[in-house]
>>> print(open('entry.pdb').read())   # PDB, C-alpha atoms, pLDDT in the B column
ATOM      1  CA  VAL A  14     -16.289  32.874  33.009  1.00 71.00           C
ATOM      2  CA  ALA A  15     -15.293  34.879  36.105  1.00 77.00           C
ATOM      3  CA  TYR A  16     -15.503  31.684  38.164  1.00 77.00           C
ATOM      4  CA  PHE A  17     -13.216  29.962  35.647  1.00 76.00           C
ATOM      5  CA  TYR A  18     -10.668  32.736  36.014  1.00 79.00           C
ATOM      6  CA  LEU A  19     -10.800  32.785  39.831  1.00 80.00           C
ATOM      7  CA  SER A  20     -10.587  29.003  40.137  1.00 79.00           C
ATOM      8  CA  SER A  21      -7.647  28.953  37.726  1.00 81.00           C
ATOM      9  CA  TYR A  22      -5.896  31.665  39.735  1.00 82.00           C
ATOM     10  CA  GLN A  23      -6.323  29.920  43.082  1.00 81.00           C
ATOM     11  CA  GLN A  24      -4.922  26.740  41.525  1.00 82.00           C
ATOM     12  CA  ARG A  25      -1.862  28.619  40.270  1.00 87.00           C
ATOM     13  CA  PHE A  26      -1.479  30.487  43.552  1.00 88.00           C
ATOM     14  CA  ARG A  27      -0.919  27.238  45.433  1.00 86.00           C
ATOM     15  CA  PHE A  28       1.968  26.380  43.118  1.00 87.00           C
ATOM     16  CA  HIS A  29       3.346  29.909  43.360  1.00 87.00           C
ATOM     17  CA  ALA A  30       3.403  29.675  47.154  1.00 89.00           C
ATOM     18  CA  CYS A  31       5.026  26.230  47.175  1.00 88.00           C
ATOM     19  CA  TRP A  32       7.723  27.111  44.649  1.00 87.00           C
ATOM     20  CA  LEU A  33       8.524  30.432  46.297  1.00 88.00           C
ATOM     21  CA  LEU A  34       9.006  28.680  49.636  1.00 88.00           C
ATOM     22  CA  MET A  35      11.294  26.188  47.913  1.00 86.00           C
ATOM     23  CA  GLU A  36      13.161  29.059  46.279  1.00 86.00           C
ATOM     24  CA  ALA A  37      13.661  30.737  49.676  1.00 87.00           C
ATOM     25  CA  ALA A  38      14.969  27.481  51.147  1.00 86.00           C
ATOM     26  CA  GLY A  39      17.298  27.024  48.193  1.00 83.00           C
ATOM     27  CA  ALA A  40      18.593  30.570  48.527  1.00 83.00           C
ATOM     28  CA  LEU A  41      19.310  30.005  52.233  1.00 85.00           C
ATOM     29  CA  ALA A  42      21.151  26.798  51.349  1.00 82.00           C
ATOM     30  CA  ARG A  43      23.089  28.717  48.656  1.00 80.00           C
ATOM     31  CA  PHE A  44      21.833  26.497  45.824  1.00 76.00           C
ATOM     32  CA  PRO A  45      22.483  27.945  42.356  1.00 72.00           C
ATOM     33  CA  HIS A  46      19.372  29.134  40.475  1.00 70.00           C
ATOM     34  CA  PRO A  47      16.706  27.790  42.867  1.00 68.00           C
ATOM     35  CA  ALA A  48      13.811  29.697  41.216  1.00 80.00           C
ATOM     36  CA  ASN A  49      11.202  27.520  39.503  1.00 85.00           C
ATOM     37  CA  VAL A  50       8.534  30.117  38.743  1.00 87.00           C
ATOM     38  CA  ARG A  51       8.281  33.802  37.852  1.00 89.00           C
ATOM     39  CA  PRO A  52       4.904  34.760  39.376  1.00 88.00           C
ATOM     40  CA  LEU A  53       4.744  38.321  38.069  1.00 89.00           C
ATOM     41  CA  THR A  54       5.527  37.224  34.507  1.00 89.00           C
ATOM     42  CA  CYS A  55       3.005  34.400  34.734  1.00 88.00           C
ATOM     43  CA  GLU A  56       0.184  36.597  35.994  1.00 89.00           C
ATOM     44  CA  THR A  57       0.853  39.441  33.531  1.00 89.00           C
ATOM     45  CA  ALA A  58       1.826  37.341  30.510  1.00 89.00           C
ATOM     46  CA  GLY A  59       0.808  38.723  27.131  1.00 88.00           C
ATOM     47  CA  SER A  60       1.237  35.436  25.279  1.00 91.00           C
ATOM     48  CA  PRO A  61       1.047  31.687  25.961  1.00 93.00           C
ATOM     49  CA  SER A  62       4.765  31.316  25.272  1.00 91.00           C
ATOM     50  CA  SER A  63       5.656  33.916  27.893  1.00 90.00           C
ATOM     51  CA  LEU A  64       3.436  32.163  30.412  1.00 91.00           C
ATOM     52  CA  ILE A  65       4.773  28.683  29.681  1.00 91.00           C
ATOM     53  CA  THR A  66       8.451  29.663  29.897  1.00 90.00           C
ATOM     54  CA  SER A  67       7.870  31.258  33.317  1.00 89.00           C
ATOM     55  CA  TRP A  68       6.001  28.320  34.866  1.00 90.00           C
ATOM     56  CA  ASN A  69       7.698  25.203  36.293  1.00 88.00           C
ATOM     57  CA  VAL A  70      10.936  26.449  34.779  1.00 88.00           C
ATOM     58  CA  SER A  71      13.072  23.403  35.548  1.00 86.00           C
ATOM     59  CA  VAL A  72      10.688  20.965  33.862  1.00 88.00           C
ATOM     60  CA  HIS A  73      10.214  23.342  30.943  1.00 88.00           C
ATOM     61  CA  ARG A  74      13.970  23.487  30.366  1.00 89.00           C
ATOM     62  CA  PHE A  75      14.283  19.712  30.619  1.00 90.00           C
ATOM     63  CA  LEU A  76      11.515  19.108  28.074  1.00 91.00           C
ATOM     64  CA  ARG A  77      12.923  21.768  25.769  1.00 90.00           C
ATOM     65  CA  ASP A  78      16.543  20.573  25.873  1.00 90.00           C
ATOM     66  CA  TYR A  79      16.114  16.797  26.122  1.00 91.00           C
ATOM     67  CA  VAL A  80      12.808  16.120  24.369  1.00 91.00           C
ATOM     68  CA  HIS A  81      11.766  18.831  21.930  1.00 90.00           C
ATOM     69  CA  ARG A  82      15.222  19.506  20.518  1.00 90.00           C
ATOM     70  CA  ARG A  83      16.236  15.846  20.333  1.00 90.00           C
ATOM     71  CA  LEU A  84      13.163  14.258  18.793  1.00 89.00           C
ATOM     72  CA  PRO A  85      14.050  12.778  15.372  1.00 89.00           C
ATOM     73  CA  MET A  86      11.328  14.764  13.586  1.00 86.00           C
ATOM     74  CA  ARG A  87      11.875  17.518  11.049  1.00 87.00           C
ATOM     75  CA  SER A  88       8.487  19.087  11.713  1.00 88.00           C
ATOM     76  CA  ARG A  89       8.684  21.553  14.584  1.00 89.00           C
ATOM     77  CA  THR A  90       4.922  21.245  15.086  1.00 89.00           C
ATOM     78  CA  SER A  91       5.168  17.461  15.462  1.00 91.00           C
ATOM     79  CA  ARG A  92       7.993  17.755  17.976  1.00 92.00           C
ATOM     80  CA  LYS A  93       6.010  20.305  19.923  1.00 92.00           C
ATOM     81  CA  LEU A  94       2.901  18.095  19.965  1.00 93.00           C
ATOM     82  CA  VAL A  95       4.882  15.095  21.214  1.00 93.00           C
ATOM     83  CA  THR A  96       6.476  17.246  23.906  1.00 93.00           C
ATOM     84  CA  TYR A  97       3.078  18.422  25.152  1.00 93.00           C
ATOM     85  CA  ALA A  98       1.807  14.830  25.122  1.00 93.00           C
ATOM     86  CA  LEU A  99       4.791  13.739  27.205  1.00 92.00           C
ATOM     87  CA  SER A 100       4.170  16.599  29.616  1.00 91.00           C
ATOM     88  CA  ALA A 101       0.575  15.427  30.002  1.00 93.00           C
ATOM     89  CA  ALA A 102       1.728  11.842  30.639  1.00 92.00           C
ATOM     90  CA  TRP A 103       4.199  13.236  33.186  1.00 89.00           C
ATOM     91  CA  HIS A 104       1.221  14.451  35.230  1.00 90.00           C
ATOM     92  CA  GLY A 105      -0.847  11.287  34.910  1.00 91.00           C
ATOM     93  CA  LEU A 106      -3.265   9.347  32.733  1.00 91.00           C
ATOM     94  CA  ARG A 107      -6.505  11.232  33.447  1.00 93.00           C
ATOM     95  CA  PRO A 108      -8.164  12.718  30.328  1.00 94.00           C
ATOM     96  CA  GLY A 109      -8.164  16.219  31.804  1.00 93.00           C
ATOM     97  CA  TYR A 110      -4.382  16.424  31.636  1.00 94.00           C
ATOM     98  CA  TYR A 111      -4.373  15.665  27.917  1.00 95.00           C
ATOM     99  CA  LEU A 112      -7.224  18.071  27.190  1.00 95.00           C
ATOM    100  CA  PHE A 113      -5.360  20.799  29.052  1.00 95.00           C
ATOM    101  CA  PHE A 114      -2.063  20.319  27.253  1.00 95.00           C
ATOM    102  CA  LEU A 115      -3.836  19.957  23.912  1.00 95.00           C
ATOM    103  CA  GLY A 116      -5.376  23.339  24.670  1.00 94.00           C
ATOM    104  CA  LEU A 117      -1.950  24.808  25.419  1.00 94.00           C
ATOM    105  CA  PHE A 118      -0.662  23.394  22.133  1.00 95.00           C
ATOM    106  CA  ALA A 119      -3.538  25.065  20.285  1.00 95.00           C
ATOM    107  CA  MET A 120      -2.971  28.368  22.122  1.00 95.00           C
ATOM    108  CA  VAL A 121       0.696  28.456  21.103  1.00 94.00           C
ATOM    109  CA  GLY A 122      -0.285  27.550  17.541  1.00 93.00           C
ATOM    110  CA  VAL A 123      -2.693  30.499  17.376  1.00 94.00           C
ATOM    111  CA  GLU A 124      -0.022  32.745  18.865  1.00 93.00           C
ATOM    112  CA  GLU A 125       2.461  31.766  16.151  1.00 92.00           C
ATOM    113  CA  LEU A 126      -0.170  32.265  13.454  1.00 92.00           C
ATOM    114  CA  VAL A 127      -0.968  35.759  14.714  1.00 90.00           C
ATOM    115  CA  ARG A 128       2.739  36.609  14.927  1.00 88.00           C
ATOM    116  CA  ALA A 129       3.126  35.526  11.306  1.00 87.00           C
ATOM    117  CA  ALA A 130       0.137  37.651  10.295  1.00 86.00           C
ATOM    118  CA  ALA A 131       1.563  40.687  12.109  1.00 83.00           C
ATOM    119  CA  ALA A 132       4.931  40.202  10.442  1.00 81.00           C
ATOM    120  CA  SER A 133       3.285  39.980   7.021  1.00 79.00           C
ATOM    121  CA  VAL A 134       1.608  43.390   7.215  1.00 75.00           C
ATOM    122  CA  ALA A 135       3.847  45.484   9.462  1.00 66.00           C
ATOM    123  CA  PRO A 136       7.528  45.792  10.329  1.00 56.00           C
ATOM    124  CA  PRO A 137       8.559  44.678  13.831  1.00 53.00           C
ATOM    125  CA  PRO A 138       7.212  47.233  16.336  1.00 50.00           C
ATOM    126  CA  PRO A 139       9.787  49.375  18.145  1.00 51.00           C
ATOM    127  CA  ASN A 140      10.517  48.334  21.726  1.00 51.00           C
ATOM    128  CA  ALA A 141       8.358  45.234  21.268  1.00 44.00           C
ATOM    129  CA  THR A 142       7.203  43.452  24.403  1.00 43.00           C
ATOM    130  CA  ASP A 143       6.039  39.857  24.754  1.00 45.00           C
ATOM    131  CA  THR A 144       2.626  40.715  23.357  1.00 44.00           C
ATOM    132  CA  LEU A 145       0.917  38.030  21.392  1.00 46.00           C
ATOM    133  CA  VAL A 146       0.790  39.946  18.127  1.00 44.00           C
ATOM    134  CA  ALA A 147       4.356  41.254  18.218  1.00 43.00           C
ATOM    135  CA  ALA A 148       6.225  40.157  15.124  1.00 39.00           C
ATOM    136  CA  GLY A 149       9.125  38.991  17.283  1.00 41.00           C
ATOM    137  CA  GLY A 150      10.093  38.625  20.910  1.00 43.00           C
ATOM    138  CA  LYS A 151      12.102  41.064  22.986  1.00 44.00           C
ATOM    139  CA  HIS A 152      15.335  39.775  21.518  1.00 41.00           C
ATOM    140  CA  ASN A 153      13.968  40.020  17.975  1.00 42.00           C
ATOM    141  CA  ALA A 154      12.687  43.578  18.261  1.00 42.00           C
ATOM    142  CA  ARG A 155      14.459  46.000  15.930  1.00 42.00           C
ATOM    143  CA  ARG A 156      16.083  48.786  17.906  1.00 41.00           C
ATOM    144  CA  PRO A 157      16.488  52.209  16.272  1.00 40.00           C
ATOM    145  CA  THR A 158      20.048  53.272  15.648  1.00 41.00           C
ATOM    146  CA  ALA A 159      21.545  56.748  15.707  1.00 39.00           C
ATOM    147  CA  GLY A 160      20.181  58.957  12.977  1.00 39.00           C
ATOM    148  CA  THR A 161      17.068  56.871  12.345  1.00 39.00           C
ATOM    149  CA  THR A 162      13.481  57.048  13.499  1.00 38.00           C
ATOM    150  CA  ASP A 163      11.502  54.285  15.208  1.00 42.00           C
ATOM    151  CA  VAL A 164      10.375  52.988  11.829  1.00 39.00           C
ATOM    152  CA  ASP A 165      12.983  52.989   9.093  1.00 43.00           C
ATOM    153  CA  ALA A 166      11.657  55.103   6.262  1.00 37.00           C
ATOM    154  CA  SER A 167      14.127  53.568   3.830  1.00 42.00           C
ATOM    155  CA  ALA A 168      12.205  50.315   3.989  1.00 43.00           C
ATOM    156  CA  GLY A 169       9.349  52.153   2.314  1.00 45.00           C
ATOM    157  CA  PRO A 170       6.406  51.017   4.467  1.00 48.00           C
ATOM    158  CA  SER A 171       3.131  52.803   3.934  1.00 56.00           C
ATOM    159  CA  ARG A 172       1.768  55.103   6.610  1.00 55.00           C
ATOM    160  CA  ILE A 173      -0.773  52.436   7.514  1.00 51.00           C
ATOM    161  CA  ARG A 174       2.020  49.967   8.202  1.00 55.00           C
ATOM    162  CA  ILE A 175       3.843  52.517  10.341  1.00 55.00           C
ATOM    163  CA  LEU A 176       0.710  53.096  12.401  1.00 53.00           C
ATOM    164  CA  MET A 177       0.172  49.339  12.725  1.00 53.00           C
ATOM    165  CA  ALA A 178       3.741  48.846  13.884  1.00 55.00           C
ATOM    166  CA  ARG A 179       3.281  51.448  16.601  1.00 57.00           C
ATOM    167  CA  GLY A 180      -0.084  49.995  17.563  1.00 56.00           C
ATOM    168  CA  LEU A 181       1.390  46.535  18.083  1.00 61.00           C
ATOM    169  CA  ALA A 182       3.657  47.936  20.793  1.00 60.00           C
ATOM    170  CA  HIS A 183       0.861  49.871  22.539  1.00 68.00           C
ATOM    171  CA  PRO A 184       0.108  48.886  26.171  1.00 76.00           C
ATOM    172  CA  LEU A 185      -3.533  48.329  25.231  1.00 82.00           C
ATOM    173  CA  THR A 186      -2.409  45.614  22.810  1.00 82.00           C
ATOM    174  CA  HIS A 187      -0.579  43.847  25.624  1.00 85.00           C
ATOM    175  CA  LEU A 188      -3.673  44.112  27.830  1.00 88.00           C
ATOM    176  CA  LEU A 189      -5.900  42.572  25.161  1.00 89.00           C
ATOM    177  CA  CYS A 190      -3.376  39.788  24.579  1.00 90.00           C
ATOM    178  CA  HIS A 191      -3.137  39.195  28.325  1.00 90.00           C
ATOM    179  CA  LEU A 192      -6.921  38.892  28.635  1.00 91.00           C
ATOM    180  CA  TRP A 193      -6.985  36.475  25.689  1.00 93.00           C
ATOM    181  CA  THR A 194      -4.154  34.372  27.166  1.00 93.00           C
ATOM    182  CA  MET A 195      -5.701  34.175  30.625  1.00 91.00           C
ATOM    183  CA  GLY A 196      -9.177  33.599  29.241  1.00 91.00           C
ATOM    184  CA  CYS A 197      -7.994  30.601  27.229  1.00 92.00           C
ATOM    185  CA  LEU A 198      -5.828  29.338  30.090  1.00 92.00           C
ATOM    186  CA  SER A 199      -8.746  29.488  32.521  1.00 91.00           C
ATOM    187  CA  TYR A 200     -10.935  27.590  30.059  1.00 92.00           C
ATOM    188  CA  PHE A 201      -8.489  24.762  29.378  1.00 93.00           C
ATOM    189  CA  GLY A 202      -7.229  24.838  32.963  1.00 90.00           C
ATOM    190  CA  ALA A 203     -10.672  23.677  34.058  1.00 89.00           C
ATOM    191  CA  ALA A 204      -9.882  20.313  32.451  1.00 91.00           C
ATOM    192  CA  PHE A 205      -6.711  20.097  34.565  1.00 90.00           C
ATOM    193  CA  ASN A 206      -8.783  20.685  37.715  1.00 87.00           C
ATOM    194  CA  VAL A 207     -11.744  18.451  36.850  1.00 90.00           C
ATOM    195  CA  LEU A 208      -9.706  15.660  35.165  1.00 92.00           C
ATOM    196  CA  GLY A 209     -12.688  13.574  34.020  1.00 92.00           C
ATOM    197  CA  PHE A 210     -13.582  13.711  30.309  1.00 95.00           C
ATOM    198  CA  ARG A 211     -17.365  13.790  30.725  1.00 94.00           C
ATOM    199  CA  ALA A 212     -17.204  16.272  33.596  1.00 94.00           C
ATOM    200  CA  THR A 213     -14.924  18.525  31.546  1.00 93.00           C
ATOM    201  CA  MET A 214     -17.256  18.426  28.535  1.00 95.00           C
ATOM    202  CA  GLU A 215     -20.246  19.296  30.724  1.00 93.00           C
ATOM    203  CA  LEU A 216     -18.349  22.162  32.303  1.00 90.00           C
ATOM    204  CA  TRP A 217     -17.228  23.521  28.953  1.00 92.00           C
ATOM    205  CA  ARG A 218     -20.743  23.152  27.570  1.00 93.00           C
ATOM    206  CA  SER A 219     -22.106  25.195  30.485  1.00 90.00           C
ATOM    207  CA  VAL A 220     -20.039  28.193  29.302  1.00 88.00           C
ATOM    208  CA  GLY A 221     -20.801  27.696  25.629  1.00 90.00           C
ATOM    209  CA  PHE A 222     -17.349  26.293  24.764  1.00 93.00           C
ATOM    210  CA  TYR A 223     -16.111  29.889  24.791  1.00 92.00           C
ATOM    211  CA  GLY A 224     -12.464  28.794  24.772  1.00 92.00           C
ATOM    212  CA  LEU A 225     -12.840  27.237  21.323  1.00 93.00           C
ATOM    213  CA  TRP A 226     -14.308  30.470  19.986  1.00 93.00           C
ATOM    214  CA  MET A 227     -11.421  32.407  21.539  1.00 93.00           C
ATOM    215  CA  LEU A 228      -9.047  30.189  19.575  1.00 94.00           C
ATOM    216  CA  ALA A 229     -10.999  30.229  16.327  1.00 94.00           C
ATOM    217  CA  ALA A 230     -11.589  33.991  16.061  1.00 93.00           C
ATOM    218  CA  PRO A 231      -7.947  35.235  16.045  1.00 93.00           C
ATOM    219  CA  ALA A 232      -6.854  32.208  14.005  1.00 94.00           C
ATOM    220  CA  ALA A 233      -9.408  33.006  11.286  1.00 94.00           C
ATOM    221  CA  VAL A 234      -8.475  36.698  11.228  1.00 91.00           C
ATOM    222  CA  ALA A 235      -4.740  35.907  11.118  1.00 90.00           C
ATOM    223  CA  ALA A 236      -5.214  33.394   8.308  1.00 91.00           C
ATOM    224  CA  ALA A 237      -7.200  35.962   6.309  1.00 91.00           C
ATOM    225  CA  VAL A 238      -4.502  38.613   6.880  1.00 86.00           C
ATOM    226  CA  ILE A 239      -1.755  36.247   5.741  1.00 86.00           C
ATOM    227  CA  ALA A 240      -3.757  35.251   2.675  1.00 86.00           C
ATOM    228  CA  GLY A 241      -4.438  38.894   1.845  1.00 82.00           C
ATOM    229  CA  ALA A 242      -0.794  39.868   2.281  1.00 76.00           C
ATOM    230  CA  ALA A 243       0.309  36.998   0.051  1.00 74.00           C
ATOM    231  CA  GLY A 244      -2.250  37.884  -2.583  1.00 68.00           C
ATOM    232  CA  GLY A 245      -1.256  41.538  -2.580  1.00 59.00           C
ATOM    233  CA  ALA A 246       2.465  40.891  -2.848  1.00 56.00           C
ATOM    234  CA  GLU A 247       4.117  42.273  -5.956  1.00 55.00           C
ATOM    235  CA  PRO A 248       5.478  39.691  -8.417  1.00 53.00           C
ATOM    236  CA  PRO A 249       9.258  39.371  -8.638  1.00 52.00           C
ATOM    237  CA  PRO A 250      11.019  41.438 -11.335  1.00 54.00           C
ATOM    238  CA  THR A 251      12.148  39.753 -14.529  1.00 54.00           C
ATOM    239  CA  ALA A 252      15.653  39.837 -15.959  1.00 52.00           C
ATOM    240  CA  ASN A 253      14.993  43.165 -17.740  1.00 55.00           C
ATOM    241  CA  GLY A 254      13.830  44.784 -14.486  1.00 51.00           C
ATOM    242  CA  HIS A 255      10.083  44.746 -15.290  1.00 53.00           C
ATOM    243  CA  ARG A 256       7.596  42.996 -13.055  1.00 53.00           C
ATOM    244  CA  GLN A 257       5.455  40.180 -14.331  1.00 53.00           C
ATOM    245  CA  HIS A 258       1.701  40.702 -14.194  1.00 51.00           C
ATOM    246  CA  GLN A 259      -0.913  38.047 -14.477  1.00 47.00           C
ATOM    247  CA  ALA A 260      -3.281  38.292 -17.399  1.00 43.00           C
TER     248      ALA A 260
END
>>> encode(input="entry.pdb", output="structure tokens")
Amino acid sequence: VAYFYLSSYQQRFRFHACWLLMEAAGALARFPHPANVRPLTCETAGSPSSLITSWNVSVHRFLRDYVHRRLPMRSRTSRKLVTYALSAAWHGLRPGYYLFFLGLFAMVGVEELVRAAAASVAPPPPNATDTLVAAGGKHNARRPTAGTTDVDASAGPSRIRILMARGLAHPLTHLLCHLWTMGCLSYFGAAFNVLGFRATMELWRSVGFYGLWMLAAPAAVAAAVIAGAAGGAEPPPTANGHRQHQA
């Protein structure tokens, strides 16, 4: 696993160095917005989405604006899957590219599932960062206003929910999410480096397919949390103000 992480880092480092040199040349030539990577954000990312939006920025923006948003599909998941498939084809036809981008697609899917689970049991954490389990991104985080506390008591959350909301914004949460993100990225990134299907399967088998378990575990927990929150929700009130209860 440590070898996976180190090999993934040295692969990314080569791109960091190349893009930073290009950025320096663009800055000297006075080109507008020459940056194509945010190395610090990439290497400290607390979620797959944060990592993806900071890597190969120009291509990411192109795929987002001209592919994902313009595909004639109502399903956001379908549009996202097609976009990842096109990104894989952009790199080439070797199986490793498609396995890698399929892994990224699954990572983002788990991230969204965990975000939904967090939102179902706790209000958005104050001063939320880009952590995987944050109910919203930085721009969605609820900021306290004058005369209020970090968690609005008028919303009536239980003390457990208040503690959960604060825990989601804790630096340790970001660290755990970062380790999960980089662990999965290193696992699926091996396919991008090896490229061959059989060689990738043998490599993944040698580490016990740990990346699949890293996807399955939080997905199962998040699904259970969402199901529990939905099952524990109070029924809507009737016209006379009383709540309906199942027999």
>>> resolve_selection(input="entry.pdb", expression="the PyMOL selection byres ((chain A and resi 17) around 12)", output="PDB file with C-alpha atoms, in the coordinates of the input")
ATOM      1  CA  VAL A  14     -16.289  32.874  33.009  1.00 71.00           C
ATOM      2  CA  ALA A  15     -15.293  34.879  36.105  1.00 77.00           C
ATOM      3  CA  TYR A  16     -15.503  31.684  38.164  1.00 77.00           C
ATOM      4  CA  TYR A  18     -10.668  32.736  36.014  1.00 79.00           C
ATOM      5  CA  LEU A  19     -10.800  32.785  39.831  1.00 80.00           C
ATOM      6  CA  SER A  20     -10.587  29.003  40.137  1.00 79.00           C
ATOM      7  CA  SER A  21      -7.647  28.953  37.726  1.00 81.00           C
ATOM      8  CA  TYR A  22      -5.896  31.665  39.735  1.00 82.00           C
ATOM      9  CA  GLN A  23      -6.323  29.920  43.082  1.00 81.00           C
ATOM     10  CA  GLN A  24      -4.922  26.740  41.525  1.00 82.00           C
ATOM     11  CA  MET A 195      -5.701  34.175  30.625  1.00 91.00           C
ATOM     12  CA  GLY A 196      -9.177  33.599  29.241  1.00 91.00           C
ATOM     13  CA  CYS A 197      -7.994  30.601  27.229  1.00 92.00           C
ATOM     14  CA  LEU A 198      -5.828  29.338  30.090  1.00 92.00           C
ATOM     15  CA  SER A 199      -8.746  29.488  32.521  1.00 91.00           C
ATOM     16  CA  TYR A 200     -10.935  27.590  30.059  1.00 92.00           C
ATOM     17  CA  PHE A 201      -8.489  24.762  29.378  1.00 93.00           C
ATOM     18  CA  GLY A 202      -7.229  24.838  32.963  1.00 90.00           C
ATOM     19  CA  ALA A 203     -10.672  23.677  34.058  1.00 89.00           C
ATOM     20  CA  ALA A 204      -9.882  20.313  32.451  1.00 91.00           C
ATOM     21  CA  PHE A 205      -6.711  20.097  34.565  1.00 90.00           C
ATOM     22  CA  ASN A 206      -8.783  20.685  37.715  1.00 87.00           C
ATOM     23  CA  VAL A 207     -11.744  18.451  36.850  1.00 90.00           C
ATOM     24  CA  LEU A 216     -18.349  22.162  32.303  1.00 90.00           C
ATOM     25  CA  TRP A 217     -17.228  23.521  28.953  1.00 92.00           C
ATOM     26  CA  SER A 219     -22.106  25.195  30.485  1.00 90.00           C
ATOM     27  CA  VAL A 220     -20.039  28.193  29.302  1.00 88.00           C
ATOM     28  CA  TYR A 223     -16.111  29.889  24.791  1.00 92.00           C
ATOM     29  CA  GLY A 224     -12.464  28.794  24.772  1.00 92.00           C
TER      30      GLY A 224
END
>>> axis_aligned_box(input="entry.pdb", around="region 216-230 of chain A", padding_each_side="4 Å", output="AutoDock Vina command-line options")
--center_x -15.6 --center_y 28.1 --center_z 24.2 --size_x 21.1 --size_y 19.8 --size_z 24.2
>>> atom_distance(input="entry.pdb", atom1="CA of Ala38 (chain A)", atom2="CA of Phe26 (chain A)")
18.4 Å
>>> closest_residue(input="entry.pdb", among="A:Leu208, A:Val127, A:Met120, A:Ala48", to="Ala101 (chain A)", atoms="only C-alpha atoms")
A:Leu208
>>> resolve_selection(input="entry.pdb", expression="the PyMOL selection byres ((chain A and resi 61-74) around 7)", output="short mmCIF file (atom, residue, chain, number, x, y, z; two decimals) with C-alpha atoms, in the frame of the given file")
data_model
loop_
_atom_site.label_atom_id
_atom_site.label_comp_id
_atom_site.auth_asym_id
_atom_site.auth_seq_id
_atom_site.Cartn_x
_atom_site.Cartn_y
_atom_site.Cartn_z
CA ASN A 49 11.20 27.52 39.50
CA VAL A 50 8.53 30.12 38.74
CA ARG A 51 8.28 33.80 37.85
CA THR A 54 5.53 37.22 34.51
CA CYS A 55 3.00 34.40 34.73
CA ALA A 58 1.83 37.34 30.51
CA GLY A 59 0.81 38.72 27.13
CA SER A 60 1.24 35.44 25.28
CA PHE A 75 14.28 19.71 30.62
CA LEU A 76 11.52 19.11 28.07
CA ARG A 77 12.92 21.77 25.77
CA ASP A 78 16.54 20.57 25.87
CA MET A 120 -2.97 28.37 22.12
CA VAL A 121 0.70 28.46 21.10
CA ASP A 143 6.04 39.86 24.75
CA THR A 194 -4.15 34.37 27.17
#
>>> resolve_selection(input="entry.pdb", expression="the PyMOL selection byres ((chain A and resi 239) around 12)", output="list in words")
Leu126, Val127, Arg128, Ala129, Ala130, Ala131, Ala132, Ser133, Val134, Ala135, Ala232, Ala233, Val234, Ala235, Ala236, Ala237, Val238, Ala240, Gly241, Ala242, Ala243, Gly244, Gly245 and Ala246 of chain A
>>> decode(input="entry.pdb", residues="region 21-32 of chain A", atoms="N, CA and C atoms", output="mmCIF file, in the first residue's frame")
data_model
loop_
_atom_site.group_PDB
_atom_site.id
_atom_site.type_symbol
_atom_site.label_atom_id
_atom_site.label_comp_id
_atom_site.auth_asym_id
_atom_site.auth_seq_id
_atom_site.Cartn_x
_atom_site.Cartn_y
_atom_site.Cartn_z
ATOM 1 N N SER A 21 2.215 6.581 -6.897
ATOM 2 C CA SER A 21 1.200 7.531 -7.358
ATOM 3 C C SER A 21 1.702 8.959 -7.197
ATOM 4 N N TYR A 22 2.406 9.222 -6.089
ATOM 5 C CA TYR A 22 2.913 10.577 -5.861
ATOM 6 C C TYR A 22 3.973 10.954 -6.891
ATOM 7 N N GLN A 23 4.901 10.042 -7.161
ATOM 8 C CA GLN A 23 5.954 10.390 -8.130
ATOM 9 C C GLN A 23 5.374 10.596 -9.526
ATOM 10 N N GLN A 24 4.282 9.903 -9.844
ATOM 11 C CA GLN A 24 3.617 10.125 -11.125
ATOM 12 C C GLN A 24 2.982 11.520 -11.167
ATOM 13 N N ARG A 25 2.339 11.917 -10.083
ATOM 14 C CA ARG A 25 1.740 13.245 -10.024
ATOM 15 C C ARG A 25 2.801 14.337 -9.992
ATOM 16 N N PHE A 26 3.913 14.065 -9.320
ATOM 17 C CA PHE A 26 4.962 15.070 -9.190
ATOM 18 C C PHE A 26 5.515 15.478 -10.553
ATOM 19 N N ARG A 27 5.611 14.537 -11.461
ATOM 20 C CA ARG A 27 6.110 14.869 -12.803
ATOM 21 C C ARG A 27 5.178 15.857 -13.500
ATOM 22 N N PHE A 28 3.865 15.661 -13.331
ATOM 23 C CA PHE A 28 2.915 16.590 -13.927
ATOM 24 C C PHE A 28 2.952 17.939 -13.212
ATOM 25 N N HIS A 29 3.083 17.902 -11.881
ATOM 26 C CA HIS A 29 3.197 19.158 -11.146
ATOM 27 C C HIS A 29 4.355 19.992 -11.686
ATOM 28 N N ALA A 30 5.519 19.343 -11.829
ATOM 29 C CA ALA A 30 6.713 20.060 -12.273
ATOM 30 C C ALA A 30 6.522 20.631 -13.674
ATOM 31 N N CYS A 31 5.961 19.837 -14.569
ATOM 32 C CA CYS A 31 5.754 20.288 -15.951
ATOM 33 C C CYS A 31 4.790 21.463 -16.009
ATOM 34 N N TRP A 32 3.666 21.343 -15.313
ATOM 35 C CA TRP A 32 2.658 22.409 -15.362
ATOM 36 C C TRP A 32 3.128 23.679 -14.669
#
